[in-house]
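**Student:** Here you go, model.pdb (PDB, C-alpha atoms and all ligand atoms):
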ATOM      1  CA  MET A   1      94.668  98.260  82.796
ATOM      2  CA  ALA A   2      94.539  95.383  85.219
ATOM      3  CA  HIS A   3      93.140  95.870  88.678
ATOM      4  CA  ARG A   4      94.201  92.737  90.436
ATOM      5  CA  TYR A   5      94.080  92.498  94.225
ATOM      6  CA  THR A   6      91.335  95.063  94.457
ATOM      7  CA  SER A   7      88.573  92.524  93.817
ATOM      8  CA  ASP A   8      88.700  93.708  90.218
ATOM      9  CA  LEU A   9      87.358  97.074  91.192
ATOM     10  CA  THR A  10      88.083  99.963  88.932
ATOM     11  CA  ARG A  11      88.697 103.461  90.144
ATOM     12  CA  ASP A  12      85.106 104.294  89.260
ATOM     13  CA  ASP A  13      83.950 101.619  91.662
ATOM     14  CA  VAL A  14      85.874 102.825  94.653
ATOM     15  CA  THR A  15      85.611 106.568  94.285
ATOM     16  CA  PRO A  16      82.375 108.381  94.862
ATOM     17  CA  LYS A  17      81.575 109.324  91.301
ATOM     18  CA  GLN A  18      81.106 113.009  91.904
ATOM     19  CA  LEU A  19      84.533 113.302  93.514
ATOM     20  CA  TYR A  20      86.099 111.441  90.638
ATOM     21  CA  LEU A  21      84.428 113.717  88.132
ATOM     22  CA  ASN A  22      85.555 116.775  90.041
ATOM     23  CA  ARG A  23      89.054 115.400  89.927
ATOM     24  CA  ARG A  24      88.828 114.707  86.219
ATOM     25  CA  GLN A  25      87.682 118.262  85.675
ATOM     26  CA  ILE A  26      90.676 119.549  87.582
ATOM     27  CA  MET A  27      93.100 117.226  85.818
ATOM     28  CA  MET A  28      91.677 117.883  82.406
ATOM     29  CA  GLY A  29      91.699 121.635  82.807
ATOM     30  CA  GLY A  30      87.981 122.061  83.154
ATOM     31  CA  THR A  31      86.785 119.628  80.511
ATOM     32  CA  ALA A  32      83.943 117.929  82.304
ATOM     33  CA  LEU A  33      83.176 114.355  81.448
ATOM     34  CA  MET A  34      79.463 114.838  81.533
ATOM     35  CA  GLY A  35      77.137 112.075  80.576
ATOM     36  CA  ALA A  36      79.572 109.487  81.881
ATOM     37  CA  GLY A  37      76.908 107.971  84.124
ATOM     38  CA  LEU A  38      76.469 109.597  87.505
ATOM     39  CA  GLY A  39      75.532 106.509  89.508
ATOM     40  CA  ALA A  40      76.471 106.306  93.152
ATOM     41  CA  GLY A  41      79.918 104.795  93.697
ATOM     42  CA  LYS A  42      80.010 101.138  94.631
ATOM     43  CA  ALA A  43      82.385 101.707  97.531
ATOM     44  CA  ARG A  44      82.063  98.943 100.072
ATOM     45  CA  ALA A  45      80.452 100.098 103.265
ATOM     46  CA  GLU A  46      82.511  98.128 105.776
ATOM     47  CA  ASP A  47      84.822 100.374 107.716
ATOM     48  CA  ALA A  48      87.841  98.157 107.729
ATOM     49  CA  TRP A  49      88.026  97.172 104.076
ATOM     50  CA  ASP A  50      87.153 100.468 102.523
ATOM     51  CA  LEU A  51      88.795 101.368  99.243
ATOM     52  CA  THR A  52      87.503 104.902  98.899
ATOM     53  CA  LEU A  53      90.424 106.727  97.383
ATOM     54  CA  THR A  54      92.283 109.291  99.449
ATOM     55  CA  SER A  55      92.299 112.570  97.538
ATOM     56  CA  TYR A  56      95.256 113.444  95.326
ATOM     57  CA  GLU A  57      95.792 116.514  97.493
ATOM     58  CA  ASP A  58      96.103 114.461 100.688
ATOM     59  CA  VAL A  59      98.260 111.784  99.067
ATOM     60  CA  THR A  60     100.726 114.431  97.892
ATOM     61  CA  SER A  61     100.725 116.854 100.822
ATOM     62  CA  TYR A  62     100.708 114.583 103.897
ATOM     63  CA  ASN A  63     103.933 112.604 103.577
ATOM     64  CA  ASN A  64     106.778 110.927 105.353
ATOM     65  CA  PHE A  65     110.054 111.488 103.528
ATOM     66  CA  TYR A  66     112.527 112.390 106.248
ATOM     67  CA  GLU A  67     115.214 113.336 103.748
ATOM     68  CA  PHE A  68     113.143 116.506 103.283
ATOM     69  CA  GLY A  69     112.178 117.109 106.910
ATOM     70  CA  THR A  70     110.158 115.427 109.622
ATOM     71  CA  ASP A  71     106.950 117.422 109.371
ATOM     72  CA  LYS A  72     104.213 115.910 107.218
ATOM     73  CA  SER A  73     104.194 119.047 105.075
ATOM     74  CA  ASP A  74     108.003 119.219 104.586
ATOM     75  CA  PRO A  75     108.261 116.765 101.651
ATOM     76  CA  ALA A  76     105.677 118.650  99.573
ATOM     77  CA  ARG A  77     107.523 121.884 100.322
ATOM     78  CA  ASN A  78     111.106 120.679  99.817
ATOM     79  CA  ALA A  79     111.146 117.649  97.536
ATOM     80  CA  HIS A  80     111.163 119.773  94.373
ATOM     81  CA  MET A  81     114.892 120.258  95.086
ATOM     82  CA  MET A  82     115.583 116.618  94.209
ATOM     83  CA  THR A  83     116.874 116.014  90.664
ATOM     84  CA  THR A  84     115.183 112.899  89.286
ATOM     85  CA  ASP A  85     116.400 113.042  85.710
ATOM     86  CA  PRO A  86     118.788 111.449  84.926
ATOM     87  CA  TRP A  87     118.173 108.585  87.360
ATOM     88  CA  GLU A  88     120.156 105.402  87.741
ATOM     89  CA  ILE A  89     119.749 102.326  89.878
ATOM     90  CA  VAL A  90     122.630 100.044  90.790
ATOM     91  CA  ILE A  91     121.555  96.416  90.894
ATOM     92  CA  ASP A  92     124.206  94.225  92.440
ATOM     93  CA  GLY A  93     124.960  91.337  94.751
ATOM     94  CA  MET A  94     123.747  87.854  93.880
ATOM     95  CA  VAL A  95     122.395  88.529  90.392
ATOM     96  CA  ASP A  96     123.403  87.270  86.948
ATOM     97  CA  ASN A  97     123.333  90.726  85.371
ATOM     98  CA  PRO A  98     124.641  93.266  87.842
ATOM     99  CA  GLY A  99     125.038  96.819  86.648
ATOM    100  CA  THR A 100     124.014 100.424  86.704
ATOM    101  CA  TYR A 101     120.691 100.766  84.932
ATOM    102  CA  SER A 102     119.005 103.936  83.759
ATOM    103  CA  LEU A 103     115.387 104.405  84.766
ATOM    104  CA  ALA A 104     114.397 103.851  81.132
ATOM    105  CA  GLU A 105     116.190 100.488  81.118
ATOM    106  CA  ILE A 106     114.451  99.452  84.325
ATOM    107  CA  VAL A 107     110.990 100.357  83.103
ATOM    108  CA  GLU A 108     111.501  99.176  79.507
ATOM    109  CA  GLY A 109     109.226  96.335  78.554
ATOM    110  CA  GLN A 110     107.274  96.419  81.808
ATOM    111  CA  THR A 111     103.516  96.534  81.685
ATOM    112  CA  ILE A 112     102.545  99.499  83.800
ATOM    113  CA  GLU A 113      99.280  98.753  85.527
ATOM    114  CA  GLU A 114      97.141 100.410  88.134
ATOM    115  CA  ARG A 115      97.025  98.979  91.645
ATOM    116  CA  ILE A 116      94.620 100.447  94.160
ATOM    117  CA  TYR A 117      96.274  99.679  97.483
ATOM    118  CA  ARG A 118      95.715 100.493 101.104
ATOM    119  CA  LEU A 119      98.715 102.166 102.768
ATOM    120  CA  ARG A 120      98.979 101.824 106.545
ATOM    121  CA  CYS A 121     101.578 103.821 108.467
ATOM    122  CA  VAL A 122     102.805 102.650 111.867
ATOM    123  CA  GLU A 123     101.801 106.117 113.094
ATOM    124  CA  ARG A 124      98.203 104.868 112.716
ATOM    125  CA  TRP A 125      97.073 106.861 109.720
ATOM    126  CA  SER A 126      96.069 105.215 106.488
ATOM    127  CA  MET A 127      95.274 106.046 102.869
ATOM    128  CA  VAL A 128      94.040 104.334  99.725
ATOM    129  CA  ILE A 129      96.195 105.175  96.715
ATOM    130  CA  PRO A 130      95.889 104.328  93.016
ATOM    131  CA  TRP A 131      99.492 103.539  92.058
ATOM    132  CA  GLN A 132     100.881 102.921  88.608
ATOM    133  CA  GLY A 133     103.679 100.413  88.535
ATOM    134  CA  PHE A 134     104.852  96.900  87.771
ATOM    135  CA  GLU A 135     105.580  93.774  89.726
ATOM    136  CA  PHE A 136     109.024  93.811  91.268
ATOM    137  CA  ALA A 137     109.310  90.102  90.474
ATOM    138  CA  ASP A 138     109.431  90.970  86.768
ATOM    139  CA  LEU A 139     112.549  93.053  87.277
ATOM    140  CA  LEU A 140     114.158  90.389  89.455
ATOM    141  CA  GLU A 141     113.527  87.817  86.765
ATOM    142  CA  ARG A 142     115.156  90.050  84.181
ATOM    143  CA  VAL A 143     118.330  90.562  86.208
ATOM    144  CA  GLY A 144     118.451  86.905  87.226
ATOM    145  CA  VAL A 145     118.492  86.080  90.923
ATOM    146  CA  GLN A 146     121.275  83.665  91.766
ATOM    147  CA  GLU A 147     120.864  80.598  93.834
ATOM    148  CA  GLY A 148     121.467  81.233  97.493
ATOM    149  CA  ALA A 149     120.072  84.782  97.467
ATOM    150  CA  ARG A 150     117.507  85.124 100.254
ATOM    151  CA  TYR A 151     116.938  88.835 100.752
ATOM    152  CA  VAL A 152     116.721  92.063  98.789
ATOM    153  CA  ALA A 153     118.194  95.281 100.171
ATOM    154  CA  PHE A 154     117.134  98.722  98.942
ATOM    155  CA  GLU A 155     118.641 102.188  99.312
ATOM    156  CA  THR A 156     117.283 105.666  98.721
ATOM    157  CA  LEU A 157     119.196 108.522  97.157
ATOM    158  CA  ALA A 158     121.228 110.506  99.699
ATOM    159  CA  ARG A 159     122.227 113.842  98.158
ATOM    160  CA  PRO A 160     122.784 116.403 100.935
ATOM    161  CA  GLU A 161     122.693 119.431  98.631
ATOM    162  CA  GLU A 162     119.170 118.491  97.533
ATOM    163  CA  MET A 163     117.885 116.926 100.732
ATOM    164  CA  PRO A 164     117.901 119.278 103.725
ATOM    165  CA  GLY A 165     116.736 116.512 106.076
ATOM    166  CA  LEU A 166     120.087 114.733 105.730
ATOM    167  CA  ARG A 167     121.614 117.395 108.002
ATOM    168  CA  VAL A 168     119.735 115.836 110.873
ATOM    169  CA  PRO A 169     121.182 112.440 111.795
ATOM    170  CA  ILE A 170     117.864 110.881 112.796
ATOM    171  CA  ILE A 171     118.556 107.715 110.922
ATOM    172  CA  ASP A 172     121.745 106.410 109.443
ATOM    173  CA  TRP A 173     121.421 107.778 105.892
ATOM    174  CA  PRO A 174     120.889 106.620 103.229
ATOM    175  CA  TYR A 175     117.420 105.309 104.092
ATOM    176  CA  LYS A 176     117.551 101.521 103.770
ATOM    177  CA  GLU A 177     114.946  98.827 103.556
ATOM    178  CA  GLY A 178     114.806  95.127 102.910
ATOM    179  CA  LEU A 179     112.530  92.214 102.109
ATOM    180  CA  ARG A 180     112.868  88.480 102.240
ATOM    181  CA  LEU A 181     113.153  87.155  98.683
ATOM    182  CA  ASP A 182     109.714  85.504  98.700
ATOM    183  CA  GLU A 183     108.159  88.791  99.871
ATOM    184  CA  ALA A 184     110.012  90.658  97.137
ATOM    185  CA  MET A 185     108.782  88.149  94.534
ATOM    186  CA  HIS A 186     105.181  88.278  95.762
ATOM    187  CA  PRO A 187     102.831  89.598  93.060
ATOM    188  CA  LEU A 188     101.505  92.285  95.416
ATOM    189  CA  THR A 189     104.968  93.859  95.664
ATOM    190  CA  ILE A 190     105.383  96.565  93.054
ATOM    191  CA  LEU A 191     107.773  99.244  91.948
ATOM    192  CA  ALA A 192     105.604 102.297  91.421
ATOM    193  CA  THR A 193     106.374 105.031  88.928
ATOM    194  CA  GLY A 194     103.231 107.101  89.333
ATOM    195  CA  LEU A 195      99.987 107.670  91.150
ATOM    196  CA  TYR A 196      96.605 108.957  90.051
ATOM    197  CA  ASP A 197      97.862 108.599  86.452
ATOM    198  CA  GLU A 198     100.474 111.278  87.103
ATOM    199  CA  PRO A 199     104.240 110.705  87.160
ATOM    200  CA  MET A 200     105.352 109.977  90.721
ATOM    201  CA  PRO A 201     105.487 113.289  92.620
ATOM    202  CA  ASN A 202     108.886 113.884  94.220
ATOM    203  CA  GLN A 203     107.401 113.872  97.729
ATOM    204  CA  ASN A 204     105.988 110.388  97.109
ATOM    205  CA  GLY A 205     109.314 108.946  96.013
ATOM    206  CA  ALA A 206     110.011 109.924  92.405
ATOM    207  CA  PRO A 207     110.920 108.545  90.061
ATOM    208  CA  ILE A 208     110.499 105.011  91.386
ATOM    209  CA  ARG A 209     109.629 103.530  94.767
ATOM    210  CA  LEU A 210     108.622 100.282  96.361
ATOM    211  CA  VAL A 211     105.058  99.565  97.511
ATOM    212  CA  VAL A 212     104.421  96.588  99.811
ATOM    213  CA  PRO A 213     100.800  96.944 100.892
ATOM    214  CA  TRP A 214     100.648  94.373 103.718
ATOM    215  CA  LYS A 215     103.515  95.996 105.626
ATOM    216  CA  TYR A 216     103.747  99.279 107.510
ATOM    217  CA  GLY A 217     104.411 102.184 105.173
ATOM    218  CA  TYR A 218     108.046 102.598 106.160
ATOM    219  CA  LYS A 219     108.931  99.408 104.243
ATOM    220  CA  SER A 220     107.806 101.155 101.034
ATOM    221  CA  ILE A 221     111.120 102.869 100.382
ATOM    222  CA  LYS A 222     111.161 105.905  98.113
ATOM    223  CA  SER A 223     113.453 107.199  95.348
ATOM    224  CA  ILE A 224     115.438 103.974  95.028
ATOM    225  CA  VAL A 225     119.048 104.069  93.773
ATOM    226  CA  ARG A 226     120.319 100.654  94.813
ATOM    227  CA  ILE A 227     118.917  97.123  94.885
ATOM    228  CA  THR A 228     121.154  94.362  96.254
ATOM    229  CA  LEU A 229     120.462  90.630  96.342
ATOM    230  CA  THR A 230     122.045  89.025  99.367
ATOM    231  CA  ASP A 231     122.045  85.887 101.498
ATOM    232  CA  GLU A 232     121.894  87.838 104.761
ATOM    233  CA  GLN A 233     119.077  89.832 106.299
ATOM    234  CA  PRO A 234     120.055  93.425 105.465
ATOM    235  CA  PRO A 235     120.001  96.296 107.954
ATOM    236  CA  THR A 236     116.956  98.536 107.617
ATOM    237  CA  ALA A 237     116.629 102.184 108.628
ATOM    238  CA  TRP A 238     113.998 102.050 111.348
ATOM    239  CA  ASN A 239     114.976  98.653 112.700
ATOM    240  CA  THR A 240     118.534  99.917 113.193
ATOM    241  CA  TYR A 241     117.184 103.070 114.864
ATOM    242  CA  ALA A 242     114.983 101.232 117.395
ATOM    243  CA  PRO A 243     114.826  97.436 117.018
ATOM    244  CA  ASN A 244     112.226  97.059 119.734
ATOM    245  CA  GLU A 245     109.909  99.490 117.997
ATOM    246  CA  TYR A 246     110.395  98.592 114.350
ATOM    247  CA  GLY A 247     111.007  95.035 113.263
ATOM    248  CA  PHE A 248     112.472  93.769 110.016
ATOM    249  CA  TYR A 249     109.210  92.181 108.897
ATOM    250  CA  SER A 250     106.877  95.027 109.870
ATOM    251  CA  ASN A 251     103.754  93.223 108.757
ATOM    252  CA  VAL A 252     100.670  95.218 109.706
ATOM    253  CA  ASN A 253      99.496  93.439 112.852
ATOM    254  CA  PRO A 254      96.709  94.715 115.115
ATOM    255  CA  ASN A 255      97.861  92.265 117.810
ATOM    256  CA  ARG A 256     101.321  93.717 118.272
ATOM    257  CA  SER A 257     101.365  97.217 119.612
ATOM    258  CA  HIS A 258     104.190  99.581 118.920
ATOM    259  CA  PRO A 259     105.455 100.783 122.334
ATOM    260  CA  ARG A 260     103.922 104.198 121.706
ATOM    261  CA  TRP A 261     101.009 103.398 119.440
ATOM    262  CA  SER A 262      98.449 100.644 119.816
ATOM    263  CA  GLN A 263      97.968  99.213 116.350
ATOM    264  CA  GLU A 264      94.396  98.114 116.923
ATOM    265  CA  PHE A 265      92.879 101.049 115.080
ATOM    266  CA  GLU A 266      93.761 103.513 112.369
ATOM    267  CA  ARG A 267      92.389 106.699 110.884
ATOM    268  CA  ARG A 268      91.963 107.598 107.269
ATOM    269  CA  VAL A 269      93.790 110.733 106.225
ATOM    270  CA  GLY A 270      91.260 113.233 104.936
ATOM    271  CA  GLY A 271      88.635 112.498 107.561
ATOM    272  CA  GLY A 272      89.478 115.671 109.476
ATOM    273  CA  LEU A 273      89.890 116.045 113.212
ATOM    274  CA  PHE A 274      86.886 113.927 113.960
ATOM    275  CA  ALA A 275      87.784 110.998 111.726
ATOM    276  CA  ARG A 276      86.600 107.777 113.313
ATOM    277  CA  ASN A 277      88.895 104.995 114.382
ATOM    278  CA  ILE A 278      88.632 102.070 112.027
ATOM    279  CA  GLU A 279      89.747  98.568 112.791
ATOM    280  CA  THR A 280      93.210  97.578 111.610
ATOM    281  CA  LEU A 281      93.215  94.343 109.630
ATOM    282  CA  MET A 282      95.881  91.647 109.882
ATOM    283  CA  PHE A 283      98.363  92.130 107.036
ATOM    284  CA  ASN A 284      96.462  95.330 106.270
ATOM    285  CA  GLY A 285      93.642  93.249 104.787
ATOM    286  CA  TYR A 286      95.842  91.176 102.458
ATOM    287  CA  GLU A 287      95.889  88.123 104.726
ATOM    288  CA  GLU A 288      94.492  85.769 102.125
ATOM    289  CA  GLU A 289      97.277  86.622  99.704
ATOM    290  CA  VAL A 290     100.262  86.708 102.063
ATOM    291  CA  ALA A 291      99.624  84.765 105.299
ATOM    292  CA  HIS A 292     101.069  81.554 103.800
ATOM    293  CA  MET A 293     104.534  83.134 103.738
ATOM    294  CA  TYR A 294     104.574  83.366 107.527
ATOM    295  CA  GLU A 295     103.118  80.007 108.474
ATOM    296  CA  GLY A 296     104.576  78.767 111.737
ATOM    297  CA  MET A 297     106.305  82.090 112.462
ATOM    298  CA  ASP A 298     105.718  83.924 115.716
ATOM    299  CA  LEU A 299     104.629  87.295 114.344
ATOM    300  CA  ILE A 300     104.962  88.991 117.716
ATOM    301  CA  GLU A 301     108.607  87.994 118.071
ATOM    302  CA  PHE A 302     109.358  88.426 114.372
ATOM    303  CA  HIS A 303     107.549  91.724 114.126
TER     304      HIS A 303
HETATM  305  N1  LIG B   1     111.396 106.366 102.103
HETATM  306  C1  LIG B   1     112.398 107.227 102.360
HETATM  307  N2  LIG B   1     113.478 107.217 101.575
HETATM  308  N3  LIG B   1     112.370 108.088 103.404
HETATM  309  C2  LIG B   1     111.306 108.124 104.276
HETATM  310  O1  LIG B   1     111.311 108.932 105.240
HETATM  311  N4  LIG B   1     109.122 107.181 104.862
HETATM  312  C3  LIG B   1     108.354 105.923 104.858
HETATM  313  C4  LIG B   1     108.065 105.423 103.440
HETATM  314  N5  LIG B   1     109.250 105.520 102.611
HETATM  315  C5  LIG B   1     110.210 107.225 104.040
HETATM  316  C6  LIG B   1     110.289 106.371 102.903
HETATM  317  C7  LIG B   1     107.112 106.022 105.606
HETATM  318  S1  LIG B   1     107.255 106.117 107.308
HETATM  319  C8  LIG B   1     105.880 105.973 105.008
HETATM  320  S2  LIG B   1     104.467 105.878 105.937
HETATM  321  C9  LIG B   1     105.753 106.033 103.540
HETATM  322  O2  LIG B   1     106.990 106.187 102.888
HETATM  323  C10 LIG B   1     104.872 107.212 103.186
HETATM  324  O3  LIG B   1     104.644 107.241 101.798
HETATM  325  P1  LIG B   1     103.809 108.461 101.185
HETATM  326  O4  LIG B   1     104.407 109.734 101.697
HETATM  327  O5  LIG B   1     103.901 108.319  99.703
HETATM  328  O6  LIG B   1     102.394 108.288 101.698
END
Let me see whether you can do it: turn the structure in this file into structure tokens.
**Tutor:**
Amino acid sequence: MAHRYTSDLTRDDVTPKQLYLNRRQIMMGGTALMGAGLGAGKARAEDAWDLTLTSYEDVTSYNNFYEFGTDKSDPARNAHMMTTDPWEIVIDGMVDNPGTYSLAEIVEGQTIEERIYRLRCVERWSMVIPWQGFEFADLLERVGVQEGARYVAFETLARPEEMPGLRVPIIDWPYKEGLRLDEAMHPLTILATGLYDEPMPNQNGAPIRLVVPWKYGYKSIKSIVRITLTDEQPPTAWNTYAPNEYGFYSNVNPNRSHPRWSQEFERRVGGGLFARNIETLMFNGYEEEVAHMYEGMDLIEFH
């Protein structure tokens, strides 16, 4: 598997070995991988760029998926109600091959690779997650983006009988997100179908979700059922809810505070009550890869 954008680190490099082995024992039903070399992990020591993996338990039990409730524990408790098979995605708008595609058709022919990415929520918590997925650009190339298209709009499933959170009109369901076309085509942008080598858990956005690691987590829309190519900036869930608080771009930016949360620092989930504040990095640490897309843009105004 490729490990691009993680300085070619493998999971062994970023996870303290003992933890990884414990996990393997759990996942493999007790078959220990002894003799696999118990060296200390090579996790980088710097606070800000730290790729120590967040545990599978934390990644799958501390979630935001408002369709299943607003508490962090609601998605893990309720998301099993969502039917993910069969699953179809409508791809429409300015594309050569619009249509309704089954999940199998979407994934067919894609090279599923592992991407170890940092996830930074605007609520100031962060995680490091080993996703399995493929570059969104590959799918866009297959469906053929027409000239003049400038944005991609996404929608999540909205099925009230399976999603108790839809009873509460917090946002204008279905959950919507959007990217500028160059952001969507960027090689860091993936559609993820799994994490920790497991199929995507429902609470994390099964069966397929977006992951855009240099933006606040809310851009990474879950359980996608519609992808539309358009020439206009599409409405997005949180920006519609409170434009002053949540911009369209939503690039992680320690210099632009959310009205309620300074974005200067963040805390890793799993650190417990006394987790230290760690510095937030511009573009969540992916500045080198993505800053060129925003050259000349005022990132405070276009937040
Ligand atoms: N997608 C949908 N459909 N509904 C949501 O409530 N929450 C977003 C994003 N995608 C959300 C969503 C937010 S705020 C974050 S931080 C991430 O999902 C959390 O992803 P995770 O639960 O897999 O960590």
**Student:** Would you list the residues that come within 9 Å of ligand LIG 1 (chain B)? Count all atoms listed in the file and give the answer as number ranges by chain.
**Tutor:** A: 58-70, 72, 75, 119-123, 125-127, 129, 155-158, 174-177, 201, 203-205, 209-211, 216-224, 237-238
**Student:** For the atom pair CA of Glu105 in chain A and CA of Asp182 in chain A, what is the interatomic distance in Å to one decimal place?
**Tutor:** 24.0 Å
**Student:** Could you state the separation of CA of Leu139 in chain A and CA of Leu191 in chain A in Å, given to one decimal place?
**Tutor:**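 So the two atoms, CA of Leu139 in chain A and CA of Leu191 in chain A, lie 9.1 Å apart.
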**Student:** Could you tell me which of A:Ala76, A:Met282, A:Ile300, A:Tyr294 comes closest to His258 in chain A if we count all atoms listed in the file?
**Tutor:**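 Nearest to His258 in chain A: A:Ile300.
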**Student:** Please indicate the distance in Å from CA of Leu229 in chain A to CA of Ala149 in chain A, rounded to one decimal place.
**Tutor:**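 It comes out at 6.0 Å.
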**Student:** Specify as a PyMOL selection string each residue included when the PyMOL selection byres (((chain A and resi 265) around 6) and not hetatm) is applied to this file.
**Tutor:** chain A and resi 263-264+266+277-280
**Student:** Evaluate the PyMOL selection byres (((chain A and resi 289) around 10) and not hetatm) here and jot the selected residues down as a compact mmCIF listing (two decimals) with C-alpha atoms, in the frame of the given file.
**Tutor:**
# COMPACT_ATOMS: atom_id res chain seq x y z
CA TYR A 5 94.08 92.50 94.22
CA HIS A 186 105.18 88.28 95.76
CA PRO A 187 102.83 89.60 93.06
CA LEU A 188 101.50 92.28 95.42
CA TRP A 214 100.65 94.37 103.72
CA PHE A 283 98.36 92.13 107.04
CA GLY A 285 93.64 93.25 104.79
CA TYR A 286 95.84 91.18 102.46
CA GLU A 287 95.89 88.12 104.73
CA GLU A 288 94.49 85.77 102.12
CA VAL A 290 100.26 86.71 102.06
CA ALA A 291 99.62 84.76 105.30
CA HIS A 292 101.07 81.55 103.80
CA MET A 293 104.53 83.13 103.74
**Student:** May I ask which of the residues A:Ala153, A:Ile190, A:Met163, A:Ile208 is the closest one to Phe136 in chain A, counting only C-alpha atoms?
**Tutor:**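 Selected residue with least distance to Phe136 in chain A: A:Ile190.
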**Student:** Hey, which of A:Thr84, A:Ile91, A:Arg142, A:Arg124 ends up closest to Val269 in chain A? Count all atoms listed in the file.
**Tutor:** A:Arg124
**Student:** Measuring between only C-alpha atoms, which one of A:Ala79, A:Val128, A:Ile227, A:Val252 shows the shortest distance to Leu281 in chain A?
**Tutor:**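 Distance minimum relative to Leu281 in chain A lands on A:Val252.
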**Student:** Identify which of the residues A:Glu245, A:Ala192, A:Leu273, A:Ser73 lies closest to Trp261 in chain A, counting all atoms listed in the file when measuring atom-to-atom distances.
**Tutor:**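 Using all atoms listed in the file, the shortest distance to Trp261 in chain A belongs to A:Glu245.
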**Student:** Considering all atoms listed in the file, state which residue in the set A:Gln132, A:Gln110, A:Thr83, A:Thr228 is at the smallest distance from Tyr196 in chain A.
**Tutor:** A:Gln132
**Student:** Fewer than 3 positions away in the same chain doesn't count, so skip those; otherwise give me all residues within 10 Å of Met94 in chain A, counting only C-alpha atoms, as a list in words.
**Tutor:**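 That gives Ile91, Asn97, Pro98, Val143, Gly144, Val145, Gln146, Glu147, Gly148, Ala149, Arg150, Tyr151, Val152, Thr228, Leu229, Thr230 and Asp231 of chain A.
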